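Enquirer: Let me begin by handing over the structure; questions about it come next.
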Amino acid sequence: MSETPSAPVKDLLSTGYFYEELKNYSKSSEAKEIDLVSFSRNFAVPYLARKSASYTGPGQANRALILNLAVTSLSNANDSEVTETILALKKVADSEVQVNEKEICTTDQPARAQFCRQRSESAQWLRKLLTSITKMFKIAPILGKEDKTDETDDSIENSIKSCWELSIPPVI
């Protein structure tokens with residue numbers, strides 16, 4: 001995308017995510033809007049890192065996996081890749097929810113069901129956050145975009161999917 005999407009701070013406040021941080025941001029900077037890159041770097045990434053770090057107890061590591069992927073992917077994305085990274089992470093979260101919900105329904109192993117439930121819950125939470133971001137910043141995949149550089153968009157999505165597949169622990 002050539003232009004970085006922006007969203008009004010008052011609309012972002014209405015989502016409930018990062019309420020206190022955004023309230024302080026709007027008071028200190030008198031800014032009416034915030035761009036996606038700044039929002040991602042200053043609000044979403046630190047929040048995801050804190051949320052992931054909160055899963056430090058025994059048996060909680062499965063909850064942090066997809067959140068760690070999001071933190072790493074968004075932190076490593078350059079300014080022009082943030083939008084595509086968010087959309088790719090949302091696809092991974094969607095897939096993760098589907099796979100784990102199906103596994104919960106078909107497994108007869110309580111430990112495996114717990115493993116899948118934790119991963120599904122984190123993926124659902126991440127998907128909800130990313131959906132909120134895509135709505136507020138009015139970003140969506142552009143289907144049939146003629147000037148799309150397939151190598152760049154595909155490499156971002158493929159890179160995130162590869163990192164995700166490598167981070168998945170072995171089946172219990």
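We name chains A, B, ... following the order of the structure tokens; residues begin at 1 in each chain, and ligands are numbered from 1 as shown.
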Quick one: everything within 10 Å of Lys91 (chain A), counting only C-alpha atoms, minus sequence neighbours fewer than 6 positions away in the same chain. Send it as number ranges by chain.
Expert: A: 85, 97, 127, 130, 157, 160-161
Enquirer: Pick from A:Leu48, A:Leu126, A:Cys116, A:Leu36: nearest to Thr72 (chain A), with only C-alpha atoms counted?
Expert: A:Leu48
Enquirer: Pick from A:Ile34, A:Ala140, A:Ile104, A:Ile66: nearest to Leu89 (chain A), with only C-alpha atoms counted?
Expert: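 Residue with the minimum atom-to-atom distance to Leu89 (chain A): A:Ile66.
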Enquirer: Point out the residue among A:Arg117, A:Lys128, A:Ser162, A:Ser167 with the least atom-to-atom distance to Gly59 (chain A), counting only C-alpha atoms.
Expert: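 Ranking A:Arg117, A:Lys128, A:Ser162, A:Ser167 by distance to Gly59 (chain A), first place goes to A:Arg117.
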Enquirer: What's around Lys135 (chain A) at 12 Å? Count only C-alpha atoms, leave out sequence neighbours fewer than 5 positions away in its own chain, and write the answer as a list of chain:residue names.
Expert: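 Those residues are A:Pro5, A:Ser6, A:Ala7, A:Pro8, A:Asp11, A:Leu12, A:Thr15, A:Leu36, A:Ile86, A:Leu87, A:Lys128, A:Leu129, A:Leu130, A:Ala140, A:Pro141.
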Enquirer: Store the residues of this selection in a file with all heavy atoms, as a tab-separated table (two decimals), in the first residue's frame.
Expert:
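Written output follows (out.tsv):
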chain	number	residue	atom	x	y	z
A	5	PRO	N	-2.64	3.88	6.22
A	5	PRO	CA	-3.97	4.20	6.72
A	5	PRO	C	-3.90	4.86	8.10
A	5	PRO	O	-3.00	4.59	8.89
A	5	PRO	CB	-4.66	2.85	6.82
A	5	PRO	CG	-3.73	1.83	6.30
A	5	PRO	CD	-2.41	2.46	6.08
A	6	SER	N	-4.86	5.72	8.36
A	6	SER	CA	-4.98	6.39	9.65
A	6	SER	C	-6.40	6.20	10.17
A	6	SER	O	-7.31	5.92	9.41
A	6	SER	CB	-4.70	7.89	9.51
A	6	SER	OG	-3.37	8.11	9.15
A	7	ALA	N	-6.54	6.39	11.48
A	7	ALA	CA	-7.87	6.30	12.09
A	7	ALA	C	-7.98	7.38	13.15
A	7	ALA	O	-6.99	7.73	13.80
A	7	ALA	CB	-8.08	4.93	12.72
A	8	PRO	N	-9.18	7.92	13.33
A	8	PRO	CA	-9.39	8.92	14.38
A	8	PRO	C	-9.17	8.30	15.77
A	8	PRO	O	-9.63	7.19	16.04
A	8	PRO	CB	-10.84	9.34	14.21
A	8	PRO	CG	-11.22	8.93	12.82
A	8	PRO	CD	-10.37	7.73	12.51
A	11	ASP	N	-12.29	7.21	17.57
A	11	ASP	CA	-12.84	5.92	17.14
A	11	ASP	C	-12.06	4.76	17.77
A	11	ASP	O	-12.64	3.75	18.16
A	11	ASP	CB	-12.80	5.79	15.62
A	11	ASP	CG	-13.81	6.69	14.93
A	11	ASP	OD1	-14.65	7.30	15.63
A	11	ASP	OD2	-13.74	6.80	13.69
A	12	LEU	N	-10.75	4.92	17.86
A	12	LEU	CA	-9.93	3.88	18.48
A	12	LEU	C	-10.24	3.76	19.97
A	12	LEU	O	-10.24	2.66	20.52
A	12	LEU	CB	-8.44	4.17	18.26
A	12	LEU	CG	-7.98	4.08	16.80
A	12	LEU	CD1	-6.57	4.64	16.65
A	12	LEU	CD2	-8.03	2.65	16.31
A	15	THR	N	-13.13	1.41	20.85
A	15	THR	CA	-12.97	-0.05	20.79
A	15	THR	C	-12.71	-0.66	22.16
A	15	THR	O	-12.96	-1.83	22.36
A	15	THR	CB	-11.81	-0.46	19.87
A	15	THR	OG1	-10.57	-0.05	20.46
A	15	THR	CG2	-11.96	0.10	18.47
A	36	LEU	N	-1.48	3.76	11.12
A	36	LEU	CA	-1.42	2.34	11.44
A	36	LEU	C	-0.05	1.92	11.95
A	36	LEU	O	0.04	1.15	12.90
A	36	LEU	CB	-1.81	1.50	10.21
A	36	LEU	CG	-1.79	-0.01	10.40
A	36	LEU	CD1	-2.78	-0.44	11.48
A	36	LEU	CD2	-2.09	-0.70	9.09
A	86	ILE	N	-0.45	-7.55	9.22
A	86	ILE	CA	-1.69	-7.67	10.00
A	86	ILE	C	-2.67	-8.61	9.30
A	86	ILE	O	-3.26	-9.49	9.93
A	86	ILE	CB	-2.33	-6.29	10.25
A	86	ILE	CG1	-1.48	-5.52	11.27
A	86	ILE	CG2	-3.77	-6.40	10.71
A	86	ILE	CD1	-1.84	-4.07	11.44
A	87	LEU	N	-2.82	-8.45	8.00
A	87	LEU	CA	-3.74	-9.32	7.26
A	87	LEU	C	-3.26	-10.77	7.26
A	87	LEU	O	-4.07	-11.70	7.40
A	87	LEU	CB	-3.90	-8.80	5.83
A	87	LEU	CG	-4.59	-7.43	5.71
A	87	LEU	CD1	-4.53	-6.92	4.27
A	87	LEU	CD2	-6.02	-7.50	6.20
A	128	LYS	N	-9.78	-11.33	17.11
A	128	LYS	CA	-10.68	-10.25	17.49
A	128	LYS	C	-9.95	-8.90	17.50
A	128	LYS	O	-10.46	-7.90	16.99
A	128	LYS	CB	-11.27	-10.55	18.87
A	128	LYS	CG	-12.31	-9.57	19.34
A	128	LYS	CD	-12.87	-10.00	20.68
A	128	LYS	CE	-13.82	-8.96	21.23
A	128	LYS	NZ	-14.31	-9.31	22.56
A	129	LEU	N	-8.75	-8.87	18.06
A	129	LEU	CA	-7.95	-7.64	18.06
A	129	LEU	C	-7.62	-7.20	16.64
A	129	LEU	O	-7.81	-6.03	16.29
A	129	LEU	CB	-6.66	-7.84	18.86
A	129	LEU	CG	-5.66	-6.68	18.81
A	129	LEU	CD1	-6.22	-5.43	19.47
A	129	LEU	CD2	-4.34	-7.08	19.44
A	130	LEU	N	-7.17	-8.12	15.82
A	130	LEU	CA	-6.79	-7.76	14.44
A	130	LEU	C	-8.01	-7.34	13.62
A	130	LEU	O	-7.91	-6.45	12.78
A	130	LEU	CB	-6.07	-8.94	13.78
A	130	LEU	CG	-4.72	-9.30	14.40
A	130	LEU	CD1	-4.17	-10.57	13.78
A	130	LEU	CD2	-3.73	-8.16	14.28
A	140	ALA	N	-8.29	-3.87	4.21
A	140	ALA	CA	-8.80	-5.17	3.79
A	140	ALA	C	-7.94	-5.66	2.64
A	140	ALA	O	-7.31	-4.86	1.95
A	140	ALA	CB	-10.26	-5.05	3.34
A	141	PRO	N	-7.90	-6.95	2.46
A	141	PRO	CA	-7.14	-7.44	1.31
A	141	PRO	C	-7.75	-6.92	0.03
A	141	PRO	O	-8.97	-6.88	-0.11
A	141	PRO	CB	-7.25	-8.96	1.40
A	141	PRO	CG	-8.32	-9.24	2.39
A	141	PRO	CD	-8.55	-8.01	3.20
Enquirer: Point out the residue among A:Arg112, A:Lys90, A:Lys23, A:Lys10 with the least atom-to-atom distance to Ser132 (chain A), counting only C-alpha atoms.
Expert: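 Of all the options, A:Lys90 lies closest to Ser132 (chain A).
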Enquirer: Of the candidates A:Ala31, A:Leu22, A:Ala111, A:Ala88, which one gets nearest to Leu69 (chain A) if we count only C-alpha atoms?
Expert: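 Under the stated criterion, the closest residue is A:Ala88.
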Enquirer: Have a look at CA of Asp94 (chain A) and CA of Tyr47 (chain A) and let me know their distance in Å, one decimal.
Expert: 20.2 Å
Enquirer: Which value, in Å to one decimal, gives the distance between CA of Gln124 (chain A) and CA of Asn78 (chain A)?
Expert: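 Computed distance, CA of Gln124 (chain A) to CA of Asn78 (chain A), equals 25.5 Å.
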